[in-house]
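Have a look at my_file02.cif below; it lists mmCIF, C-alpha atoms; chains and numbers go by the auth columns.
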data_query
loop_
_atom_site.group_PDB
_atom_site.id
_atom_site.type_symbol
_atom_site.label_atom_id
_atom_site.label_comp_id
_atom_site.label_asym_id
_atom_site.label_seq_id
_atom_site.Cartn_x
_atom_site.Cartn_y
_atom_site.Cartn_z
_atom_site.B_iso_or_equiv
_atom_site.auth_seq_id
_atom_site.auth_asym_id
ATOM 1 C CA GLY A 1 86.135 89.749 127.987 0.00 308 A
ATOM 2 C CA ALA A 2 89.804 90.470 127.604 0.00 309 A
ATOM 3 C CA GLY A 3 89.866 90.082 123.848 0.00 310 A
ATOM 4 C CA VAL A 4 87.680 89.792 120.783 0.00 311 A
ATOM 5 C CA SER A 5 85.739 86.549 120.910 0.00 312 A
ATOM 6 C CA GLN A 6 84.345 84.798 117.837 0.00 313 A
ATOM 7 C CA SER A 7 82.087 81.775 117.542 0.00 314 A
ATOM 8 C CA PRO A 8 81.933 79.209 116.226 0.00 315 A
ATOM 9 C CA ARG A 9 85.647 78.707 115.634 0.00 316 A
ATOM 10 C CA TYR A 10 84.906 76.125 112.963 0.00 317 A
ATOM 11 C CA LYS A 11 81.799 75.685 110.860 0.00 318 A
ATOM 12 C CA VAL A 12 81.098 73.166 108.137 0.00 319 A
ATOM 13 C CA ALA A 13 78.060 73.863 105.995 0.00 320 A
ATOM 14 C CA LYS A 14 76.504 72.155 103.025 0.00 321 A
ATOM 15 C CA ARG A 15 76.139 74.307 99.971 0.00 322 A
ATOM 16 C CA GLY A 16 72.898 76.232 100.164 0.00 323 A
ATOM 17 C CA GLN A 17 72.738 76.369 103.953 0.00 324 A
ATOM 18 C CA ASP A 18 72.589 79.630 105.883 0.00 325 A
ATOM 19 C CA VAL A 19 75.258 80.339 108.495 0.00 326 A
ATOM 20 C CA ALA A 20 75.634 82.907 111.257 0.00 327 A
ATOM 21 C CA LEU A 21 78.965 83.941 112.721 0.00 328 A
ATOM 22 C CA ARG A 22 79.162 85.833 115.980 0.00 329 A
ATOM 23 C CA CYS A 23 81.635 88.436 117.184 0.00 330 A
ATOM 24 C CA ASP A 24 81.886 89.741 120.728 0.00 331 A
ATOM 25 C CA PRO A 25 84.218 92.771 120.667 0.00 332 A
ATOM 26 C CA ILE A 26 86.317 94.163 123.467 0.00 333 A
ATOM 27 C CA SER A 27 84.051 95.945 125.937 0.00 334 A
ATOM 28 C CA GLY A 28 83.748 99.640 125.147 0.00 335 A
ATOM 29 C CA HIS A 29 85.132 99.379 121.621 0.00 336 A
ATOM 30 C CA VAL A 30 83.136 101.632 119.349 0.00 337 A
ATOM 31 C CA SER A 31 84.317 100.355 115.998 0.00 338 A
ATOM 32 C CA LEU A 32 83.834 96.825 114.699 0.00 339 A
ATOM 33 C CA PHE A 33 85.113 95.350 111.450 0.00 340 A
ATOM 34 C CA TRP A 34 84.579 92.109 109.560 0.00 341 A
ATOM 35 C CA TYR A 35 87.251 90.742 107.238 0.00 342 A
ATOM 36 C CA GLN A 36 87.373 87.666 105.015 0.00 343 A
ATOM 37 C CA GLN A 37 90.655 85.765 104.721 0.00 344 A
ATOM 38 C CA ALA A 38 90.855 83.171 101.972 0.00 345 A
ATOM 39 C CA LEU A 39 93.500 80.452 102.199 0.00 346 A
ATOM 40 C CA GLY A 40 96.964 81.847 101.562 0.00 347 A
ATOM 41 C CA GLN A 41 95.788 85.433 101.213 0.00 348 A
ATOM 42 C CA GLY A 42 95.611 88.552 103.304 0.00 349 A
ATOM 43 C CA PRO A 43 92.405 89.645 105.016 0.00 350 A
ATOM 44 C CA GLU A 44 89.957 91.554 102.855 0.00 351 A
ATOM 45 C CA PHE A 45 87.569 94.140 104.245 0.00 352 A
ATOM 46 C CA LEU A 46 83.889 93.272 104.342 0.00 353 A
ATOM 47 C CA THR A 47 82.077 95.813 106.490 0.00 354 A
ATOM 48 C CA TYR A 48 82.448 98.316 109.329 0.00 355 A
ATOM 49 C CA PHE A 49 80.257 99.470 112.216 0.00 356 A
ATOM 50 C CA GLN A 50 80.527 102.459 114.452 0.00 357 A
ATOM 51 C CA ASN A 51 78.359 101.563 117.428 0.00 358 A
ATOM 52 C CA GLU A 52 75.159 100.163 115.857 0.00 359 A
ATOM 53 C CA ALA A 53 75.499 102.053 112.590 0.00 360 A
ATOM 54 C CA GLN A 54 76.877 100.179 109.590 0.00 361 A
ATOM 55 C CA LEU A 55 78.908 102.921 107.954 0.00 362 A
ATOM 56 C CA ASP A 56 80.631 100.949 105.225 0.00 363 A
ATOM 57 C CA LYS A 57 79.533 97.692 103.624 0.00 364 A
ATOM 58 C CA SER A 58 81.372 98.124 100.374 0.00 365 A
ATOM 59 C CA GLY A 59 83.337 94.903 100.817 0.00 366 A
ATOM 60 C CA LEU A 60 80.402 92.524 101.124 0.00 367 A
ATOM 61 C CA PRO A 61 80.753 90.283 98.050 0.00 368 A
ATOM 62 C CA SER A 62 77.060 89.775 97.366 0.00 369 A
ATOM 63 C CA ASP A 63 73.604 90.338 98.758 0.00 370 A
ATOM 64 C CA ARG A 64 73.865 86.908 100.381 0.00 371 A
ATOM 65 C CA PHE A 65 76.103 88.524 102.991 0.00 372 A
ATOM 66 C CA PHE A 66 74.490 90.521 105.775 0.00 373 A
ATOM 67 C CA ALA A 67 75.909 91.944 109.003 0.00 374 A
ATOM 68 C CA GLU A 68 74.264 93.559 111.971 0.00 375 A
ATOM 69 C CA ARG A 69 75.184 95.034 115.337 0.00 376 A
ATOM 70 C CA PRO A 70 71.803 96.008 116.783 0.00 377 A
ATOM 71 C CA GLU A 71 72.902 97.194 120.231 0.00 378 A
ATOM 72 C CA GLY A 72 76.335 98.446 119.326 0.00 379 A
ATOM 73 C CA SER A 73 78.150 95.540 120.925 0.00 380 A
ATOM 74 C CA VAL A 74 77.865 91.963 119.627 0.00 381 A
ATOM 75 C CA SER A 75 77.798 91.606 115.862 0.00 382 A
ATOM 76 C CA THR A 76 76.582 88.803 113.628 0.00 383 A
ATOM 77 C CA LEU A 77 77.697 88.099 110.075 0.00 384 A
ATOM 78 C CA LYS A 78 75.123 86.054 108.212 0.00 385 A
ATOM 79 C CA ILE A 79 75.711 84.283 104.934 0.00 386 A
ATOM 80 C CA GLN A 80 72.658 82.976 103.116 0.00 387 A
ATOM 81 C CA ARG A 81 72.637 80.105 100.630 0.00 388 A
ATOM 82 C CA THR A 82 76.337 79.417 101.144 0.00 389 A
ATOM 83 C CA GLN A 83 78.505 78.546 98.163 0.00 390 A
ATOM 84 C CA GLN A 84 81.897 76.885 97.985 0.00 391 A
ATOM 85 C CA GLU A 85 83.652 80.166 97.265 0.00 392 A
ATOM 86 C CA ASP A 86 82.464 81.423 100.658 0.00 393 A
ATOM 87 C CA SER A 87 84.915 79.023 102.339 0.00 394 A
ATOM 88 C CA ALA A 88 87.357 81.221 104.258 0.00 395 A
ATOM 89 C CA VAL A 89 88.276 82.447 107.695 0.00 396 A
ATOM 90 C CA TYR A 90 86.071 85.317 108.810 0.00 397 A
ATOM 91 C CA LEU A 91 87.891 87.710 111.103 0.00 398 A
ATOM 92 C CA CYS A 92 86.300 90.217 113.415 0.00 399 A
ATOM 93 C CA ALA A 93 88.221 93.178 114.792 0.00 400 A
ATOM 94 C CA SER A 94 87.359 96.041 117.102 0.00 401 A
ATOM 95 C CA SER A 95 88.940 99.317 118.058 0.00 402 A
ATOM 96 C CA LEU A 96 88.449 101.867 120.769 0.00 403 A
ATOM 97 C CA ALA A 97 87.763 104.780 118.446 0.00 404 A
ATOM 98 C CA GLN A 98 88.081 105.661 114.829 0.00 405 A
ATOM 99 C CA ASN A 99 91.269 107.102 113.405 0.00 406 A
ATOM 100 C CA THR A 100 93.658 105.351 115.776 0.00 407 A
ATOM 101 C CA GLY A 101 94.244 102.649 113.203 0.00 408 A
ATOM 102 C CA GLU A 102 94.999 99.850 115.637 0.00 409 A
ATOM 103 C CA LEU A 103 92.572 96.978 115.323 0.00 410 A
ATOM 104 C CA PHE A 104 92.288 94.102 117.804 0.00 411 A
ATOM 105 C CA PHE A 105 91.450 90.854 116.045 0.00 412 A
ATOM 106 C CA GLY A 106 89.632 87.744 117.155 0.00 413 A
ATOM 107 C CA GLU A 107 90.889 84.268 116.276 0.00 414 A
ATOM 108 C CA GLY A 108 88.434 83.969 113.433 0.00 415 A
ATOM 109 C CA SER A 109 85.674 81.618 112.344 0.00 416 A
ATOM 110 C CA ARG A 110 86.773 79.102 109.741 0.00 417 A
ATOM 111 C CA LEU A 111 83.904 78.322 107.361 0.00 418 A
ATOM 112 C CA THR A 112 84.080 75.313 105.067 0.00 419 A
ATOM 113 C CA VAL A 113 81.294 74.903 102.527 0.00 420 A
ATOM 114 C CA LEU A 114 80.992 71.435 101.041 0.00 421 A
ATOM 115 C CA ALA B 1 92.488 103.556 96.168 0.00 191 B
ATOM 116 C CA GLN B 2 95.009 102.005 98.495 0.00 192 B
ATOM 117 C CA SER B 3 97.033 98.894 97.900 0.00 193 B
ATOM 118 C CA VAL B 4 99.832 96.957 99.551 0.00 194 B
ATOM 119 C CA THR B 5 102.389 94.684 97.930 0.00 195 B
ATOM 120 C CA GLN B 6 104.483 92.295 99.965 0.00 196 B
ATOM 121 C CA LEU B 7 107.423 90.898 98.029 0.00 197 B
ATOM 122 C CA GLY B 8 107.879 87.207 98.677 0.00 198 B
ATOM 123 C CA SER B 9 105.111 85.018 100.008 0.00 199 B
ATOM 124 C CA HIS B 10 107.653 82.857 101.865 0.00 200 B
ATOM 125 C CA VAL B 11 110.948 83.769 103.524 0.00 201 B
ATOM 126 C CA SER B 12 113.350 81.303 105.109 0.00 202 B
ATOM 127 C CA VAL B 13 115.993 82.533 107.546 0.00 203 B
ATOM 128 C CA SER B 14 118.459 80.875 109.866 0.00 204 B
ATOM 129 C CA GLU B 15 118.154 81.409 113.599 0.00 205 B
ATOM 130 C CA GLY B 16 120.233 84.456 114.503 0.00 206 B
ATOM 131 C CA ALA B 17 120.170 85.895 110.983 0.00 207 B
ATOM 132 C CA LEU B 18 118.601 89.157 109.827 0.00 208 B
ATOM 133 C CA VAL B 19 114.888 89.102 109.046 0.00 209 B
ATOM 134 C CA LEU B 20 113.822 91.472 106.244 0.00 210 B
ATOM 135 C CA LEU B 21 110.230 91.554 105.018 0.00 211 B
ATOM 136 C CA ARG B 22 109.415 93.957 102.212 0.00 212 B
ATOM 137 C CA CYS B 23 106.282 96.055 101.914 0.00 213 B
ATOM 138 C CA ASN B 24 105.398 98.706 99.343 0.00 214 B
ATOM 139 C CA TYR B 25 102.193 100.674 99.445 0.00 215 B
ATOM 140 C CA SER B 26 100.106 102.895 97.263 0.00 216 B
ATOM 141 C CA SER B 27 97.965 105.623 98.753 0.00 217 B
ATOM 142 C CA SER B 28 96.583 108.899 97.469 0.00 218 B
ATOM 143 C CA VAL B 29 96.933 110.568 100.862 0.00 219 B
ATOM 144 C CA PRO B 30 99.502 110.332 103.664 0.00 220 B
ATOM 145 C CA PRO B 31 99.018 106.845 105.026 0.00 221 B
ATOM 146 C CA TYR B 32 99.059 105.123 108.336 0.00 222 B
ATOM 147 C CA LEU B 33 101.026 101.872 107.999 0.00 223 B
ATOM 148 C CA PHE B 34 100.982 98.730 110.082 0.00 224 B
ATOM 149 C CA TRP B 35 102.629 95.359 110.469 0.00 225 B
ATOM 150 C CA TYR B 36 100.609 92.543 111.973 0.00 226 B
ATOM 151 C CA VAL B 37 101.759 89.015 112.853 0.00 227 B
ATOM 152 C CA GLN B 38 99.578 85.899 112.753 0.00 228 B
ATOM 153 C CA TYR B 39 100.597 82.734 114.553 0.00 229 B
ATOM 154 C CA PRO B 40 98.870 79.470 113.597 0.00 230 B
ATOM 155 C CA ASN B 41 95.218 79.355 114.624 0.00 231 B
ATOM 156 C CA GLN B 42 95.449 82.768 116.244 0.00 232 B
ATOM 157 C CA GLY B 43 94.192 86.226 115.398 0.00 233 B
ATOM 158 C CA LEU B 44 96.355 88.995 114.013 0.00 234 B
ATOM 159 C CA GLN B 45 98.483 90.874 116.535 0.00 235 B
ATOM 160 C CA LEU B 46 99.849 94.353 115.987 0.00 236 B
ATOM 161 C CA LEU B 47 103.641 94.452 115.751 0.00 237 B
ATOM 162 C CA LEU B 48 104.063 98.151 115.083 0.00 238 B
ATOM 163 C CA LYS B 49 102.497 101.138 113.368 0.00 239 B
ATOM 164 C CA TYR B 50 103.533 104.338 111.620 0.00 240 B
ATOM 165 C CA THR B 51 101.237 107.315 112.134 0.00 241 B
ATOM 166 C CA SER B 52 103.265 110.254 110.712 0.00 242 B
ATOM 167 C CA ALA B 53 105.580 110.736 113.670 0.00 243 B
ATOM 168 C CA ALA B 54 109.069 109.222 113.626 0.00 244 B
ATOM 169 C CA THR B 55 109.884 107.420 110.397 0.00 245 B
ATOM 170 C CA LEU B 56 111.714 104.629 112.225 0.00 246 B
ATOM 171 C CA VAL B 57 109.205 102.714 114.279 0.00 247 B
ATOM 172 C CA LYS B 58 110.072 100.162 116.929 0.00 248 B
ATOM 173 C CA GLY B 59 107.642 97.413 117.782 0.00 249 B
ATOM 174 C CA ILE B 60 107.332 94.359 119.943 0.00 250 B
ATOM 175 C CA ASN B 61 109.667 91.351 119.935 0.00 251 B
ATOM 176 C CA GLY B 62 112.614 93.347 118.575 0.00 252 B
ATOM 177 C CA PHE B 63 111.027 94.252 115.241 0.00 253 B
ATOM 178 C CA GLU B 64 111.286 97.662 113.643 0.00 254 B
ATOM 179 C CA ALA B 65 110.214 99.256 110.376 0.00 255 B
ATOM 180 C CA GLU B 66 111.217 102.377 108.483 0.00 256 B
ATOM 181 C CA PHE B 67 108.797 104.541 106.535 0.00 257 B
ATOM 182 C CA LYS B 68 110.370 105.835 103.310 0.00 258 B
ATOM 183 C CA LYS B 69 108.011 108.143 101.479 0.00 259 B
ATOM 184 C CA SER B 70 110.252 108.477 98.429 0.00 260 B
ATOM 185 C CA GLU B 71 110.241 104.706 97.983 0.00 261 B
ATOM 186 C CA THR B 72 106.646 104.188 99.191 0.00 262 B
ATOM 187 C CA SER B 73 108.033 101.444 101.400 0.00 263 B
ATOM 188 C CA PHE B 74 107.628 100.221 104.966 0.00 264 B
ATOM 189 C CA HIS B 75 109.980 97.258 105.272 0.00 265 B
ATOM 190 C CA LEU B 76 110.080 95.221 108.484 0.00 266 B
ATOM 191 C CA THR B 77 113.363 94.082 110.012 0.00 267 B
ATOM 192 C CA LYS B 78 114.714 92.203 113.000 0.00 268 B
ATOM 193 C CA PRO B 79 118.485 91.901 113.499 0.00 269 B
ATOM 194 C CA SER B 80 118.467 88.357 114.840 0.00 270 B
ATOM 195 C CA ALA B 81 115.745 85.809 114.126 0.00 271 B
ATOM 196 C CA HIS B 82 114.421 83.555 116.860 0.00 272 B
ATOM 197 C CA MET B 83 112.560 80.305 116.409 0.00 273 B
ATOM 198 C CA SER B 84 109.476 81.958 117.899 0.00 274 B
ATOM 199 C CA ASP B 85 109.400 84.427 114.975 0.00 275 B
ATOM 200 C CA ALA B 86 108.039 81.720 112.682 0.00 276 B
ATOM 201 C CA ALA B 87 104.632 83.075 111.671 0.00 277 B
ATOM 202 C CA GLU B 88 102.866 84.949 108.892 0.00 278 B
ATOM 203 C CA TYR B 89 103.363 88.693 108.661 0.00 279 B
ATOM 204 C CA PHE B 90 100.983 91.165 107.070 0.00 280 B
ATOM 205 C CA CYS B 91 101.627 94.744 106.053 0.00 281 B
ATOM 206 C CA ALA B 92 98.596 97.032 105.974 0.00 282 B
ATOM 207 C CA VAL B 93 97.767 100.592 104.998 0.00 283 B
ATOM 208 C CA SER B 94 94.982 102.716 106.422 0.00 284 B
ATOM 209 C CA GLU B 95 93.430 105.744 104.834 0.00 285 B
ATOM 210 C CA ILE B 96 91.727 107.901 107.387 0.00 286 B
ATOM 211 C CA LYS B 97 88.187 108.711 106.420 0.00 287 B
ATOM 212 C CA ALA B 98 85.226 110.167 108.206 0.00 288 B
ATOM 213 C CA ALA B 99 83.667 106.743 108.403 0.00 289 B
ATOM 214 C CA GLY B 100 86.675 105.354 110.192 0.00 290 B
ATOM 215 C CA ASN B 101 89.762 103.407 109.338 0.00 291 B
ATOM 216 C CA LYS B 102 89.684 100.613 106.833 0.00 292 B
ATOM 217 C CA LEU B 103 92.844 98.582 106.692 0.00 293 B
ATOM 218 C CA THR B 104 93.966 97.220 103.334 0.00 294 B
ATOM 219 C CA PHE B 105 96.282 94.242 103.798 0.00 295 B
ATOM 220 C CA GLY B 106 98.999 92.758 101.668 0.00 296 B
ATOM 221 C CA GLY B 107 99.019 89.097 100.775 0.00 297 B
ATOM 222 C CA GLY B 108 101.280 88.155 103.673 0.00 298 B
ATOM 223 C CA THR B 109 104.780 86.699 104.030 0.00 299 B
ATOM 224 C CA ARG B 110 105.260 83.410 105.821 0.00 300 B
ATOM 225 C CA VAL B 111 108.529 83.253 107.762 0.00 301 B
ATOM 226 C CA LEU B 112 110.290 79.964 108.392 0.00 302 B
ATOM 227 C CA VAL B 113 113.166 79.973 110.874 0.00 303 B
ATOM 228 C CA LYS B 114 115.762 77.236 110.504 0.00 304 B
ATOM 229 C CA PRO B 115 117.799 76.100 113.508 0.00 305 B
#

Target encoding C-alpha cells, full file:
Amino acid sequence: GAGVSQSPRYKVAKRGQDVALRCDPISGHVSLFWYQQALGQGPEFLTYFQNEAQLDKSGLPSDRFFAERPEGSVSTLKIQRTQQEDSAVYLCASSLAQNTGELFFGEGSRLTVL
Amino acid sequence: AQSVTQLGSHVSVSEGALVLLRCNYSSSVPPYLFWYVQYPNQGLQLLLKYTSAATLVKGINGFEAEFKKSETSFHLTKPSAHMSDAAEYFCAVSEIKAAGNKLTFGGGTRVLVKP
C-alpha cells in the first residue's frame, strides 16, 4: 500500500481481555516501530524491529505486552489481560533503513479498556 | 538519555500572524531533530528534520526551524499562520545507535488559529 496501515482503527475491550493490533508497513521498509500515545501526550517508544528481528523492546511497559514481525513485514502488537491504563492510541511507523531518522506513521489504533 | 521539552501545550495565533513553537532538547551526542504535525484522527507527518547539515531547515507548508547548539533548541516558525495550520505539533530527537533510530518525542503543542 501507499502508506502504513493499521487495524483496527478503534478497539474497545473489557478489562482482562486480550487484544491484537496489526500494522502493515510501507512495502520494502526494513524498520518498524511501535509507539504508545496517551491522551494529551507525545508518543512514547515501545519496541523496534529490523526486518523480523526485534532489536529493542525496552519501552514495553510490562510482560503483558508482546510484539512480533515473523516474516519481516506485517507486525502485531498483542496486549494480554488488558487494564484501564493500557487505554491509548498505538502508533506504528516504518522507515526505509536505519539511521535516516524519518519515520512514516500510520493513523493509529485507539484502544479503550473499560 | 535523550529528552525533549516543548514549552506551551497550547498556542493560539491569529490568521496571518507569526507561529513560534519552542523546543529544547537534551542529548549526550550530536542529535538528529525533527518536527512532526498531527491533524485530527491522522498519523504524524514529517514537517522537517535537522541532520547536521544546514542549521536553518526549511520544511513543508512554509515552516522552518533553526538548530542552535548553544541553546540546545530547535524552535519551529512560520511567518504567517493559515487556518489549515491548526493541528498538534511534536518535536522529536533521535540518537543514532547501531540498533537503529529511536525517536523521543516532546509532549506536543496544540495550535489554534483564530480568523

Practice task
Please identify every residue of chain A that has at least one atom no more than 12 Å from any atom of chain B, counting all atoms listed in the file, and report them as a ChimeraX atom specification.
Solution key: /A:310-313,316-317,337-358,360-366,396-417

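Taking atom CA of A:Asp325 as the reference point, atom CA of A:Gln387 is found at 4.3 Å.
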
Problem - atom CA of B:Tyr215 to atom CA of B:Glu254, distance in Å rounded to a single decimal - result: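 The value is 17.1 Å.
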
Problem - 12 Å contact set for B:Lys259, all atoms listed in the file, chain neighbours under 3 positions out, as a PyMOL selection string - result: chain B and resi 214-217+219-223+240+242+245-246+256+262-265

Practice task
Any chance you could resolve the PyMOL selection byres ((chain B and resi 276) around 9) against this file and give the residues as a PyMOL selection string?
Solution key: chain B and resi 229+271-275+277-278+300-303

Exercise for the section: Quote the spacing between atom CA of A:Pro332 and atom CA of A:Ser382 in Å to one decimal place. Expected result: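 Computing it gives 8.1 Å between the two atoms.
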
Using all atoms listed in the file, which residues sit within 7 Å of A:Ser314 once same-chain residues fewer than 4 positions away are excluded, as a PDB file with C-alpha atoms, in the coordinates of the input?
ATOM      1  CA  LEU A 328      78.965  83.941 112.721  1.00  0.00           C
ATOM      2  CA  ARG A 329      79.162  85.833 115.980  1.00  0.00           C
ATOM      3  CA  CYS A 330      81.635  88.436 117.184  1.00  0.00           C
ATOM      4  CA  SER A 416      85.674  81.618 112.344  1.00  0.00           C
TER       5      SER A 416
END

If you apply the PyMOL selection byres ((chain A and resi 372) around 8) to this file, what residues do you get, as an mmCIF file with C-alpha atoms, in the coordinates of the input?
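Saved the output as part_4.cif:
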data_model
loop_
_atom_site.group_PDB
_atom_site.id
_atom_site.type_symbol
_atom_site.label_atom_id
_atom_site.label_comp_id
_atom_site.auth_asym_id
_atom_site.auth_seq_id
_atom_site.Cartn_x
_atom_site.Cartn_y
_atom_site.Cartn_z
ATOM 1 C CA LEU A 367 80.402 92.524 101.124
ATOM 2 C CA PRO A 368 80.753 90.283 98.050
ATOM 3 C CA SER A 369 77.060 89.775 97.366
ATOM 4 C CA ASP A 370 73.604 90.338 98.758
ATOM 5 C CA ARG A 371 73.865 86.908 100.381
ATOM 6 C CA PHE A 373 74.490 90.521 105.775
ATOM 7 C CA ALA A 374 75.909 91.944 109.003
ATOM 8 C CA LEU A 384 77.697 88.099 110.075
ATOM 9 C CA LYS A 385 75.123 86.054 108.212
ATOM 10 C CA ILE A 386 75.711 84.283 104.934
ATOM 11 C CA GLN A 387 72.658 82.976 103.116
#

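Evaluated against the shown file, the PyMOL selection byres ((chain A and resi 322) around 7) gives Ala320, Lys321, Gly323, Gln324, Arg388, Thr389, Gln390, Gln391, Val420 and Leu421 of chain A.
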